[in-house]
file start-v4.txt (compact mmCIF, C-alpha atoms and all ligand atoms)
# COMPACT_ATOMS: atom_id res chain seq x y z
CA MET V 1 -20.62 7.29 1.00
CA THR V 2 -17.62 6.18 3.06
CA ARG V 3 -14.30 6.78 1.37
CA ALA V 4 -11.16 5.08 2.63
CA CYS V 5 -7.53 5.44 1.67
CA PHE V 6 -4.88 2.71 1.78
CA PRO V 7 -1.58 4.60 1.57
CA GLY V 8 1.89 3.19 1.12
CA SER V 9 5.09 3.18 -0.84
CA PHE V 10 4.00 0.11 -2.84
CA ASP V 11 7.48 -0.28 -4.37
CA PRO V 12 6.16 -2.64 -5.61
CA VAL V 13 2.70 -3.84 -4.55
CA THR V 14 2.69 -7.36 -3.05
CA MET V 15 0.04 -10.03 -2.61
CA GLY V 16 -0.27 -8.87 1.00
CA HIS V 17 -1.19 -5.38 -0.18
CA VAL V 18 -3.66 -6.73 -2.73
CA ASP V 19 -5.31 -8.85 -0.03
CA VAL V 20 -5.73 -5.83 2.25
CA ALA V 21 -7.09 -3.77 -0.67
CA ARG V 22 -9.61 -6.46 -1.56
CA ARG V 23 -10.82 -6.75 2.03
CA ALA V 24 -11.04 -2.96 2.40
CA CYS V 25 -13.07 -2.73 -0.81
CA ALA V 26 -15.60 -5.11 0.79
CA GLN V 27 -16.01 -2.75 3.76
CA PHE V 28 -16.04 0.73 2.21
CA ASP V 29 -17.86 2.35 -0.70
CA GLU V 30 -14.65 3.56 -2.27
CA VAL V 31 -11.00 2.78 -1.51
CA THR V 32 -8.02 4.68 -2.90
CA MET V 33 -4.66 2.96 -2.96
CA LEU V 34 -2.41 5.98 -2.66
CA VAL V 35 1.20 5.73 -3.76
CA THR V 36 2.72 8.12 -1.26
CA HIS V 37 6.02 9.22 -2.68
CA ASN V 38 8.91 11.03 -1.03
CA PRO V 39 10.74 12.92 -3.82
CA ALA V 40 13.97 12.76 -1.76
CA LYS V 41 13.97 8.95 -2.01
CA THR V 42 14.35 6.95 -5.18
CA GLY V 43 12.70 3.56 -5.23
CA MET V 44 12.99 0.72 -7.71
CA PHE V 45 9.86 1.87 -9.55
CA THR V 46 8.63 5.39 -10.33
CA PRO V 47 5.30 6.47 -8.81
CA GLU V 48 3.69 6.06 -12.24
CA GLU V 49 5.06 2.53 -12.59
CA ARG V 50 3.85 1.65 -9.10
CA MET V 51 0.37 2.94 -9.93
CA ARG V 52 0.30 0.94 -13.17
CA LEU V 53 1.40 -2.22 -11.34
CA ILE V 54 -1.35 -1.72 -8.74
CA ALA V 55 -3.99 -1.21 -11.44
CA ASP V 56 -2.77 -4.29 -13.35
CA SER V 57 -2.78 -6.35 -10.13
CA THR V 58 -6.32 -5.52 -8.98
CA PRO V 59 -8.70 -6.44 -11.80
CA GLY V 60 -12.35 -6.64 -10.76
CA LEU V 61 -12.09 -4.32 -7.77
CA ASP V 62 -14.59 -1.84 -9.15
CA ASN V 63 -14.57 0.49 -6.13
CA LEU V 64 -10.79 0.75 -6.02
CA ARG V 65 -9.06 3.91 -7.25
CA VAL V 66 -5.32 4.38 -7.64
CA ASP V 67 -3.61 7.72 -7.15
CA SER V 68 -0.30 9.21 -6.00
CA TRP V 69 0.68 12.00 -3.61
CA THR V 70 3.86 13.65 -2.42
CA GLY V 71 2.66 15.82 0.49
CA LEU V 72 1.13 15.27 3.89
CA LEU V 73 -1.26 12.36 3.77
CA VAL V 74 -3.96 14.22 5.69
CA ASP V 75 -3.96 17.03 3.12
CA TYR V 76 -4.90 14.44 0.50
CA THR V 77 -7.58 12.77 2.63
CA THR V 78 -9.18 16.08 3.63
CA ALA V 79 -9.22 17.33 0.03
CA HIS V 80 -10.87 14.11 -1.17
CA GLY V 81 -13.47 13.66 1.58
CA ILE V 82 -11.72 10.53 2.89
CA THR V 83 -12.50 9.77 6.54
CA VAL V 84 -10.69 6.46 7.06
CA LEU V 85 -7.14 5.26 6.51
CA VAL V 86 -6.67 1.52 6.09
CA LYS V 87 -3.41 -0.22 6.91
CA GLY V 88 -2.38 -3.86 7.12
CA LEU V 89 -0.75 -5.13 10.31
CA ARG V 90 1.65 -8.05 10.01
CA SER V 91 3.16 -8.01 13.48
CA ALA V 92 3.83 -6.08 16.66
CA LEU V 93 6.66 -4.35 14.78
CA ASP V 94 4.14 -2.93 12.31
CA TYR V 95 1.97 -1.85 15.22
CA GLU V 96 4.83 0.10 16.81
CA TYR V 97 5.54 1.78 13.47
CA GLU V 98 1.89 2.55 12.69
CA LEU V 99 0.65 3.72 16.10
CA PRO V 100 2.32 7.17 16.14
CA MET V 101 1.36 7.79 12.50
CA ALA V 102 -2.28 6.92 13.21
CA GLN V 103 -2.35 9.18 16.25
CA MET V 104 -0.60 12.03 14.43
CA ASN V 105 -2.91 11.79 11.43
CA ARG V 106 -5.97 11.83 13.71
CA ARG V 107 -4.64 14.82 15.61
CA LEU V 108 -3.91 16.71 12.38
CA SER V 109 -7.21 16.12 10.62
CA GLY V 110 -9.54 13.80 12.55
CA VAL V 111 -9.03 10.97 10.05
CA GLU V 112 -9.38 7.54 11.66
CA THR V 113 -7.03 4.62 10.97
CA MET V 114 -8.42 1.12 10.79
CA PHE V 115 -6.13 -1.89 10.75
CA LEU V 116 -6.71 -5.15 8.95
CA LEU V 117 -4.69 -8.07 10.27
CA THR V 118 -2.57 -9.48 7.48
CA ASP V 119 -3.58 -12.88 6.21
CA PRO V 120 -1.03 -15.35 7.67
CA ARG V 121 -0.13 -16.41 4.12
CA TYR V 122 1.48 -12.98 3.65
CA GLY V 123 2.71 -12.30 7.19
CA TYR V 124 6.38 -12.31 6.19
CA THR V 125 5.95 -10.63 2.80
CA SER V 126 7.34 -7.16 2.19
CA SER V 127 8.24 -5.15 -0.90
CA THR V 128 11.83 -5.00 0.31
CA LEU V 129 12.20 -8.77 0.73
CA CYS V 130 10.50 -9.45 -2.60
CA LYS V 131 12.93 -7.10 -4.36
CA GLU V 132 15.85 -8.87 -2.71
CA VAL V 133 14.58 -12.33 -3.64
CA ALA V 134 13.96 -11.15 -7.21
CA GLY V 135 17.45 -9.67 -7.43
CA PHE V 136 18.93 -13.11 -6.81
CA GLY V 137 16.53 -14.82 -9.18
CA GLY V 138 14.42 -16.42 -6.44
CA ASP V 139 10.88 -17.72 -6.87
CA LEU V 140 8.21 -15.11 -6.09
CA THR V 141 5.21 -17.29 -6.92
CA GLY V 142 2.31 -16.38 -4.63
CA LEU V 143 4.17 -13.46 -3.05
CA VAL V 144 3.61 -10.80 -5.70
CA PRO V 145 0.97 -10.50 -8.44
CA ASP V 146 2.01 -11.78 -11.88
CA PRO V 147 2.50 -8.28 -13.42
CA VAL V 148 4.82 -7.41 -10.53
CA ALA V 149 6.78 -10.65 -10.86
CA ALA V 150 7.34 -9.85 -14.55
CA ALA V 151 8.41 -6.28 -13.76
CA LEU V 152 10.81 -7.47 -11.06
CA ARG V 153 12.31 -10.08 -13.38
CA GLY V 154 12.79 -7.31 -15.95
CA ARG V 155 14.59 -5.09 -13.45
CA ALA V 156 16.82 -7.97 -12.41
CA GLY V 157 17.75 -8.52 -16.04
CA ARG V 158 16.12 -11.92 -16.00
CA GLY V 159 12.92 -11.10 -17.93
O1 LIG V 201 4.57 1.68 2.80
P1 LIG V 201 5.13 2.61 3.84
O2 LIG V 201 6.45 3.17 3.40
O3 LIG V 201 5.19 1.96 5.20
O4 LIG V 201 4.10 3.84 3.96
C1 LIG V 201 4.36 4.92 4.84
C2 LIG V 201 3.47 6.11 4.47
C3 LIG V 201 3.71 6.46 3.01
C4 LIG V 201 2.03 5.74 4.66
C5 LIG V 201 3.87 7.30 5.38
O5 LIG V 201 5.24 7.52 5.26
C6 LIG V 201 3.11 8.56 5.01
O6 LIG V 201 1.96 8.71 5.37
N1 LIG V 201 3.77 9.49 4.28
C7 LIG V 201 3.17 10.73 3.82
C8 LIG V 201 3.75 11.95 4.54
C9 LIG V 201 3.03 12.17 5.86
O7 LIG V 201 1.85 12.44 5.91
N2 LIG V 201 3.79 12.02 6.95
C10 LIG V 201 3.26 12.15 8.29
C11 LIG V 201 2.67 10.80 8.76
S1 LIG V 201 2.03 10.92 10.40
call {"tool": "encode", "arguments": {"input": "start-v4.txt", "output": "structure tokens", "more": "lines below"}}
Ligand code: PNS
result
Amino acid sequence: MTRACFPGSFDPVTMGHVDVARRACAQFDEVTMLVTHNPAKTGMFTPEERMRLIADSTPGLDNLRVDSWTGLLVDYTTAHGITVLVKGLRSALDYEYELPMAQMNRRLSGVETMFLLTDPRYGYTSSTLCKEVAGFGGDLTGLVPDPVAAALRGRAGRG
């Protein structure tokens, strides 16, 4: 059984994340979307809210688990028998950001990182931009799952 982990802040999950999760689920026996939380940073949503939004946004992905973690990522993967990390790559900027993390994680534990190229439909989508658009009442149709759009509208006082 090949277990993979798709880690991230997911504050909140976007359609780009859901697309990567769906494609990873087609390649691995089990995929865990791991809300990796830094207690020193406060996001828009709590880790529990982010997990709930992921679960509500991924119906039908039967081999997808959702969990959260605050420590070193490789401690989680080793403890859970996970041998592969999955990340989405939107651009060369993402590559520059991801390369040292992938190499460090492999050095620390042997875990491999596999990259899925982001679907062009979501190449410019990020949690940060979606939060900004939502804050000004912009249209998020097709950029975030419906439960996330509702949650963002609520936070912006527009729901
Ligand atoms: O969605 P993000 O913020 O780009 O995700 C980054 C994340 C959470 C995957 C990365 O910061 C991470 O792995 N954090 C856990 C702590 C850790 O293991 N740091 C060393 C990475 S080499």
call {"tool": "residues_around", "arguments": {"input": "start-v4.txt", "residues": "Tyr95 (chain V)", "least_positions_apart": "6", "cutoff": "12 Å", "atoms": "only C-alpha atoms", "output": "ChimeraX atom specification"}}
result
/V:87-89,101-103,113-118
call {"tool": "closest_atom_pairs", "arguments": {"input": "start-v4.txt", "of": "chain V", "to": "ligand LIG 201 (chain V)", "cutoff": "6 Å", "atoms": "all atoms listed in the file", "output": "Markdown table"}}
result
| residue | atom | partner | partner_atom | distance |
| --- | --- | --- | --- | --- |
| V:Pro7 | CA | V:LIG201 | C4 | 4.9 |
| V:Gly8 | CA | V:LIG201 | O1 | 3.5 |
| V:Ser9 | CA | V:LIG201 | O1 | 4.0 |
| V:Phe10 | CA | V:LIG201 | O1 | 5.9 |
| V:Thr36 | CA | V:LIG201 | C3 | 4.7 |
| V:Gly71 | CA | V:LIG201 | C8 | 5.7 |
| V:Leu72 | CA | V:LIG201 | O7 | 3.6 |
| V:Leu73 | CA | V:LIG201 | O7 | 3.8 |
| V:Met101 | CA | V:LIG201 | S1 | 3.8 |
| V:Met104 | CA | V:LIG201 | S1 | 4.9 |
| V:Asn105 | CA | V:LIG201 | S1 | 5.1 |
call {"tool": "residues_around", "arguments": {"input": "start-v4.txt", "residues": "region 16-31 of chain V", "least_positions_apart": "4", "cutoff": "9 Å", "atoms": "only C-alpha atoms", "output": "PyMOL selection string"}}
result
chain V and resi 1-6+10+54+57-58+61-66+82+86-88+116-119+121-123+125-126+143-145
call {"tool": "atom_distance", "arguments": {"input": "start-v4.txt", "atom1": "CA of Glu98 (chain V)", "atom2": "CA of Leu85 (chain V)"}}
result
11.3 Å
call {"tool": "closest_residue", "arguments": {"input": "start-v4.txt", "among": "V:Asp56, V:Glu48, V:Asp75, V:Asp67", "to": "Leu108 (chain V)", "atoms": "all atoms listed in the file"}}
result
V:Asp75
call {"tool": "residues_around", "arguments": {"input": "start-v4.txt", "residues": "region 132-142 of chain V", "least_positions_apart": "6", "cutoff": "7 Å", "atoms": "all atoms listed in the file", "output": "list of chain:residue names"}}
result
V:Ala149, V:Leu152, V:Arg153, V:Ala156
call {"tool": "write_last_selection", "arguments": {"input": "start-v4.txt", "atoms": "C-alpha atoms", "output": "mmCIF file, in the coordinates of the input"}}
result
data_model
loop_
_atom_site.group_PDB
_atom_site.id
_atom_site.type_symbol
_atom_site.label_atom_id
_atom_site.label_comp_id
_atom_site.auth_asym_id
_atom_site.auth_seq_id
_atom_site.Cartn_x
_atom_site.Cartn_y
_atom_site.Cartn_z
ATOM 1 C CA ALA V 149 6.780 -10.650 -10.860
ATOM 2 C CA LEU V 152 10.810 -7.470 -11.060
ATOM 3 C CA ARG V 153 12.310 -10.080 -13.380
ATOM 4 C CA ALA V 156 16.820 -7.970 -12.410
#
call {"tool": "atom_distance", "arguments": {"input": "start-v4.txt", "atom1": "CA of Thr70 (chain V)", "atom2": "CA of His37 (chain V)"}}
result
4.9 Å
call {"tool": "closest_residue", "arguments": {"input": "start-v4.txt", "among": "V:Val13, V:Leu34, V:Ala55, V:Val84", "to": "Val111 (chain V)", "atoms": "all atoms listed in the file"}}
result
V:Val84
call {"tool": "atom_distance", "arguments": {"input": "start-v4.txt", "atom1": "CA of Val74 (chain V)", "atom2": "CA of Ser91 (chain V)"}}
result
24.6 Å
